[in-house]
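Chemist: Got structure34.cif for you, mmCIF, C-alpha atoms:
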data_model
#
loop_
_atom_site.label_atom_id
_atom_site.label_comp_id
_atom_site.auth_asym_id
_atom_site.auth_seq_id
_atom_site.Cartn_x
_atom_site.Cartn_y
_atom_site.Cartn_z
CA MET F 282 -21.11 -25.31 102.79
CA VAL F 283 -23.37 -26.74 105.52
CA GLY F 284 -22.27 -29.61 107.74
CA ARG F 285 -23.99 -32.43 105.83
CA GLU F 286 -22.78 -31.20 102.46
CA LYS F 287 -19.22 -30.91 103.78
CA PHE F 288 -19.38 -34.42 105.20
CA ASP F 289 -20.70 -35.86 101.94
CA ALA F 290 -18.02 -34.07 99.92
CA ASP F 291 -15.23 -35.30 102.21
CA LEU F 292 -16.69 -38.82 102.24
CA LYS F 293 -16.74 -38.85 98.45
CA LYS F 294 -13.04 -37.96 98.38
CA VAL F 295 -12.22 -40.84 100.73
CA GLN F 296 -14.22 -43.27 98.61
CA GLU F 297 -12.46 -42.05 95.47
CA LEU F 298 -9.10 -42.62 97.14
CA LEU F 299 -10.19 -46.12 98.18
CA LEU F 300 -11.12 -46.91 94.58
CA GLU F 301 -7.72 -45.67 93.44
CA LEU F 302 -6.05 -47.87 96.04
CA SER F 303 -8.19 -50.87 95.09
CA ASN F 304 -7.51 -50.57 91.37
CA ALA F 305 -3.79 -50.19 92.04
CA ALA F 306 -3.71 -53.29 94.25
CA ILE F 307 -5.65 -55.42 91.77
CA GLN F 308 -3.45 -54.26 88.89
CA THR F 309 -0.30 -54.93 90.90
CA LEU F 310 -1.42 -58.47 91.70
CA ASN F 311 -2.13 -59.05 88.02
CA ASP F 312 1.23 -57.56 87.01
CA SER F 313 3.11 -59.70 89.52
CA MET F 314 1.64 -62.84 87.98
CA ASP F 315 2.55 -61.63 84.50
CA HIS F 316 6.14 -61.20 85.67
CA LEU F 317 6.15 -64.67 87.23
CA LEU F 318 4.92 -66.33 84.05
CA ALA F 319 7.49 -64.44 81.98
CA ASN F 320 10.42 -64.90 84.43
CA ASN F 321 10.61 -61.10 84.38
CA ILE F 322 12.89 -60.22 87.28
CA GLU F 323 13.02 -56.53 86.41
CA GLY F 324 9.23 -56.35 86.42
CA ALA F 325 9.11 -58.16 89.76
CA LEU F 326 11.49 -55.58 91.23
CA THR F 327 9.18 -52.82 89.99
CA VAL F 328 6.25 -54.41 91.84
CA ILE F 329 8.29 -54.47 95.05
CA ASN F 330 9.46 -50.88 94.68
CA ASN F 331 5.96 -49.58 93.92
CA ASP F 332 4.38 -51.16 97.00
CA VAL F 333 5.13 -48.04 99.03
CA HIS F 334 2.56 -46.17 96.90
CA ILE F 335 -0.21 -48.61 97.87
CA ASN F 336 0.82 -48.44 101.52
CA ARG F 337 0.67 -44.66 101.49
CA MET F 338 -2.80 -44.65 99.97
CA GLU F 339 -4.07 -46.97 102.70
CA GLU F 340 -2.56 -44.69 105.33
CA GLU F 341 -4.23 -41.69 103.72
CA VAL F 342 -7.63 -43.43 103.74
CA ASN F 343 -7.16 -44.13 107.45
CA ASP F 344 -6.07 -40.56 108.20
CA ARG F 345 -9.00 -39.03 106.34
CA VAL F 346 -11.50 -41.31 108.07
CA ILE F 347 -10.08 -40.43 111.50
CA LEU F 348 -10.33 -36.74 110.63
CA LEU F 349 -13.95 -37.14 109.50
CA ILE F 350 -14.89 -38.94 112.70
CA ALA F 351 -13.17 -36.32 114.83
CA LYS F 352 -14.70 -33.34 113.04
CA GLN F 353 -18.16 -34.63 112.11
CA GLN F 354 -18.88 -37.24 114.82
CA PRO F 355 -20.96 -39.40 112.44
CA VAL F 356 -23.49 -41.89 113.75
CA ALA F 357 -25.36 -44.95 112.51
CA ARG F 358 -24.86 -45.75 108.81
CA ASP F 359 -22.36 -42.97 108.21
CA LEU F 360 -20.10 -44.40 110.89
CA ARG F 361 -20.52 -47.92 109.52
CA ARG F 362 -19.51 -46.68 106.09
CA LEU F 363 -16.37 -45.08 107.42
CA MET F 364 -15.41 -48.25 109.29
CA VAL F 365 -16.03 -50.33 106.17
CA LEU F 366 -13.83 -48.01 104.11
CA VAL F 367 -10.96 -48.52 106.56
CA LYS F 368 -11.35 -52.29 106.54
CA ILE F 369 -11.60 -52.58 102.76
CA ALA F 370 -8.51 -50.37 102.44
CA ALA F 371 -6.69 -52.85 104.70
CA ASP F 372 -7.89 -55.76 102.55
CA MET F 373 -6.62 -54.10 99.41
CA GLU F 374 -3.30 -53.16 100.99
CA ARG F 375 -2.87 -56.81 101.94
CA ILE F 376 -3.49 -57.85 98.35
CA GLY F 377 -0.70 -55.49 97.37
CA ASP F 378 1.49 -57.33 99.88
CA TYR F 379 0.63 -60.65 98.25
CA ALA F 380 1.67 -59.17 94.91
CA VAL F 381 5.02 -58.26 96.47
CA ASN F 382 5.38 -61.80 97.83
CA ILE F 383 4.73 -63.24 94.37
CA ALA F 384 7.33 -60.86 92.96
CA LYS F 385 9.84 -62.13 95.52
CA GLU F 386 9.14 -65.74 94.51
CA THR F 387 9.66 -64.70 90.89
CA ILE F 388 13.09 -63.34 91.78
CA ARG F 389 13.96 -66.54 93.65
CA ILE F 390 13.01 -68.66 90.64
CA GLY F 391 14.98 -66.33 88.41
CA LYS F 392 15.35 -67.31 84.77
CA ASP F 393 14.87 -71.04 85.44
CA GLU F 394 12.34 -72.73 83.21
CA HIS F 395 9.12 -73.55 85.01
CA ILE F 396 9.09 -77.30 85.62
CA ALA F 397 5.49 -77.43 86.83
CA PRO F 398 2.18 -76.88 84.96
CA ILE F 399 2.23 -73.12 85.37
CA HIS F 400 -1.13 -72.77 83.61
CA LEU F 401 -2.84 -73.89 86.83
CA LEU F 402 -1.53 -70.81 88.60
CA ASP F 403 -2.57 -68.61 85.71
CA GLU F 404 -6.11 -70.00 85.92
CA MET F 405 -6.16 -69.16 89.63
CA ARG F 406 -4.94 -65.66 88.82
CA ILE F 407 -7.67 -65.06 86.26
CA LYS F 408 -10.40 -66.22 88.64
CA THR F 409 -9.01 -64.25 91.58
CA ILE F 410 -8.67 -61.01 89.62
CA ALA F 411 -12.24 -61.43 88.34
CA MET F 412 -13.48 -61.85 91.93
CA LEU F 413 -11.69 -58.73 93.10
CA LYS F 414 -13.07 -56.67 90.25
CA GLN F 415 -16.54 -58.04 90.90
CA ILE F 416 -16.56 -57.11 94.57
CA LEU F 417 -15.19 -53.68 93.77
CA ASP F 418 -18.03 -53.11 91.29
CA ALA F 419 -20.51 -54.43 93.86
CA PHE F 420 -19.17 -51.96 96.40
CA ILE F 421 -19.43 -49.04 93.96
CA ASN F 422 -23.02 -49.98 93.09
CA GLU F 423 -23.91 -51.21 96.61
CA ASP F 424 -25.12 -54.41 94.98
CA MET F 425 -25.87 -56.93 97.70
CA GLU F 426 -26.73 -59.80 95.33
CA GLU F 427 -23.39 -59.54 93.55
CA ALA F 428 -21.61 -59.54 96.88
CA LYS F 429 -23.35 -62.78 97.86
CA LYS F 430 -22.04 -64.50 94.72
CA ILE F 431 -18.45 -64.03 95.86
CA ALA F 432 -18.56 -66.85 98.43
CA LYS F 433 -19.38 -69.47 95.81
CA GLN F 434 -16.47 -68.30 93.67
CA ASP F 435 -14.19 -68.46 96.68
CA ASP F 436 -15.07 -72.14 97.03
CA GLU F 437 -14.00 -72.61 93.41
CA ILE F 438 -10.68 -70.93 94.14
CA ASP F 439 -10.18 -73.24 97.12
CA GLU F 440 -10.72 -76.26 94.84
CA MET F 441 -8.29 -74.87 92.27
CA TYR F 442 -5.76 -74.28 95.03
CA GLY F 443 -6.05 -77.86 96.27
CA HIS F 444 -5.65 -79.23 92.77
CA ALA F 445 -2.64 -77.03 92.02
CA ILE F 446 -0.87 -78.02 95.25
CA LYS F 447 -1.44 -81.73 94.62
CA THR F 448 -0.07 -81.33 91.09
CA LEU F 449 2.98 -79.42 92.31
CA LEU F 450 3.73 -82.04 94.96
CA ALA F 451 3.43 -84.81 92.38
CA VAL F 452 5.98 -83.03 90.20
CA GLY F 453 8.23 -82.63 93.23
CA ILE F 454 8.15 -86.37 93.89
CA GLU F 455 9.17 -87.03 90.29
CA GLN F 456 11.87 -84.33 90.34
CA PRO F 457 13.09 -83.99 93.94
CA THR F 458 15.99 -81.76 92.90
CA GLN F 459 13.41 -79.12 91.91
CA MET F 460 11.70 -78.89 95.28
CA GLY F 461 12.91 -75.30 95.66
CA GLN F 462 10.84 -74.13 92.71
CA ILE F 463 7.93 -76.36 93.72
CA THR F 464 7.92 -74.68 97.14
CA GLN F 465 8.05 -71.21 95.60
CA LEU F 466 5.16 -71.92 93.23
CA SER F 467 3.18 -73.42 96.11
CA PHE F 468 3.59 -70.14 97.99
CA VAL F 469 2.29 -68.28 94.93
CA CYS F 470 -0.80 -70.49 94.93
CA ARG F 471 -1.32 -69.64 98.58
CA TYR F 472 -1.02 -65.90 97.96
CA LEU F 473 -3.67 -66.11 95.23
CA GLU F 474 -5.96 -68.17 97.44
CA ARG F 475 -5.58 -65.65 100.26
CA SER F 476 -6.32 -62.78 97.87
CA ALA F 477 -9.60 -64.48 96.99
CA ASP F 478 -10.36 -64.79 100.71
CA HIS F 479 -10.00 -61.03 101.01
CA ALA F 480 -12.58 -60.63 98.23
CA THR F 481 -14.98 -62.61 100.43
CA ASN F 482 -14.04 -60.41 103.40
CA MET F 483 -14.94 -57.35 101.36
CA ALA F 484 -18.26 -58.90 100.35
CA GLU F 485 -19.06 -59.44 104.03
CA ARG F 486 -18.15 -55.84 104.78
CA LEU F 487 -20.48 -54.60 102.05
CA LEU F 488 -23.33 -56.67 103.48
CA TYR F 489 -22.61 -55.19 106.90
CA LEU F 490 -22.74 -51.70 105.42
CA LEU F 491 -26.06 -52.30 103.69
CA LYS F 492 -27.81 -54.45 106.31
CA GLY F 493 -26.17 -53.43 109.57
CA LYS F 494 -25.46 -57.06 110.48
CA HIS F 495 -22.35 -59.23 110.26
CA TYR F 496 -22.42 -62.11 107.78
CA GLU F 497 -20.02 -65.01 107.29
CA LEU F 498 -20.34 -65.99 103.65
CA ASN F 499 -17.91 -68.91 103.80
CA ASN F 500 -20.02 -70.86 106.31
#
Now that the file is in, can you turn its structure into structure tokens?
Modeler:
Amino acid sequence: MVGREKFDADLKKVQELLLELSNAAIQTLNDSMDHLLANNIEGALTVINNDVHINRMEEEVNDRVILLIAKQQPVARDLRRLMVLVKIAADMERIGDYAVNIAKETIRIGKDEHIAPIHLLDEMRIKTIAMLKQILDAFINEDMEEAKKIAKQDDEIDEMYGHAIKTLLAVGIEQPTQMGQITQLSFVCRYLERSADHATNMAERLLYLLKGKHYELNN
């Protein structure tokens, strides 16, 4: 196999691993919210225990990229692509961390009935998961126009986050003895909002890959 063919084959393997990592992180975030809504402590523990798998996949992406750079010494767009793969892997690993954080809040709440309008968090979850899947599809298809749409959706998530926090605080004022749960659910809102921010980060990375320039989509 000649040098270019070997590089392309190895690059394809790294991209396949990144897709595996990305799908696992998105699914884990979705699962963690399911467990929160169902007060499923056992499920939350599973999310925490499985995080090591996501971490290992990110490390493997990094290791393979380093090996490719060392052996092939890529330049121009090939090097940009490798750098983007590393950064997107880090974004997805962080989303897995947010899923773990949500699982920990689920354990803290335990079997207590949710005293706040939990549907607001579920709406944030649905929108955030859709964004993450959209940017992953855009990356696979190298679709610049789809990537650009992410920023507008991130603004919607920010509005949902603000509304959810105001609602939670209002419930806390009415039921001050429940401020522990209010705080925990507020953290969950924050983890979802930050996950959506990472979707925007990934959109910016895709634009950098395709155009060779840095873009800030939230400005």
Chemist: Any idea what's packed within 7 Å of range 360-377 of chain F, counting all atoms listed in the file, ignoring anything in its chain fewer than 5 positions away? Could you give it as a list of chain:residue names?
Modeler: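 These residues fall inside the cut-off: F:Leu299, F:Ser303, F:Ala306, F:Thr309, F:Leu310, F:Asp332, F:Ile335, F:Asn336, F:Glu339, F:Val342, F:Asn343, F:Val346, F:Pro355, F:Ser476, F:His479, F:Met483, F:Arg486, F:Leu490.
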Chemist: Within 12 Å of range 455-461 of chain F, which residues of range 332-390 of chain F show up? Give each one with its shortest atom-to-atom distance in Å (one decimal) and the two atoms involved, counting only C-alpha atoms, rows by chain then rising residue number, as a Markdown table.
Modeler:
| residue | atom | partner | partner_atom | distance |
| --- | --- | --- | --- | --- |
| F:Glu386 | CA | F:Gly461 | CA | 10.3 |
| F:Arg389 | CA | F:Gly461 | CA | 9.0 |
| F:Ile390 | CA | F:Gly461 | CA | 8.3 |
Chemist: Closest to Lys392 in chain F among F:Ala305, F:Val295, F:Ala480, F:Leu318, using all atoms listed in the file?
Modeler: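 Nearest candidate to Lys392 in chain F out of F:Ala305, F:Val295, F:Ala480, F:Leu318: F:Leu318.
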Chemist: To one decimal place, how far is CA of Asn482 in chain F from CA of Asp378 in chain F in Å?
Modeler: 16.2 Å
Chemist: Can you spell out as a ChimeraX atom specification the set of residues that the PyMOL selection byres ((chain F and resi 311) around 12) selects in the structure I just provided?
Modeler: /F:304-310,312-318,324-325,328,376-377,379-381,383-384,402-411,413-414,473,476
Chemist: For CA of Asn320 in chain F and CA of Glu394 in chain F, quote the distance in Å rounded to one decimal.
Modeler: 8.2 Å
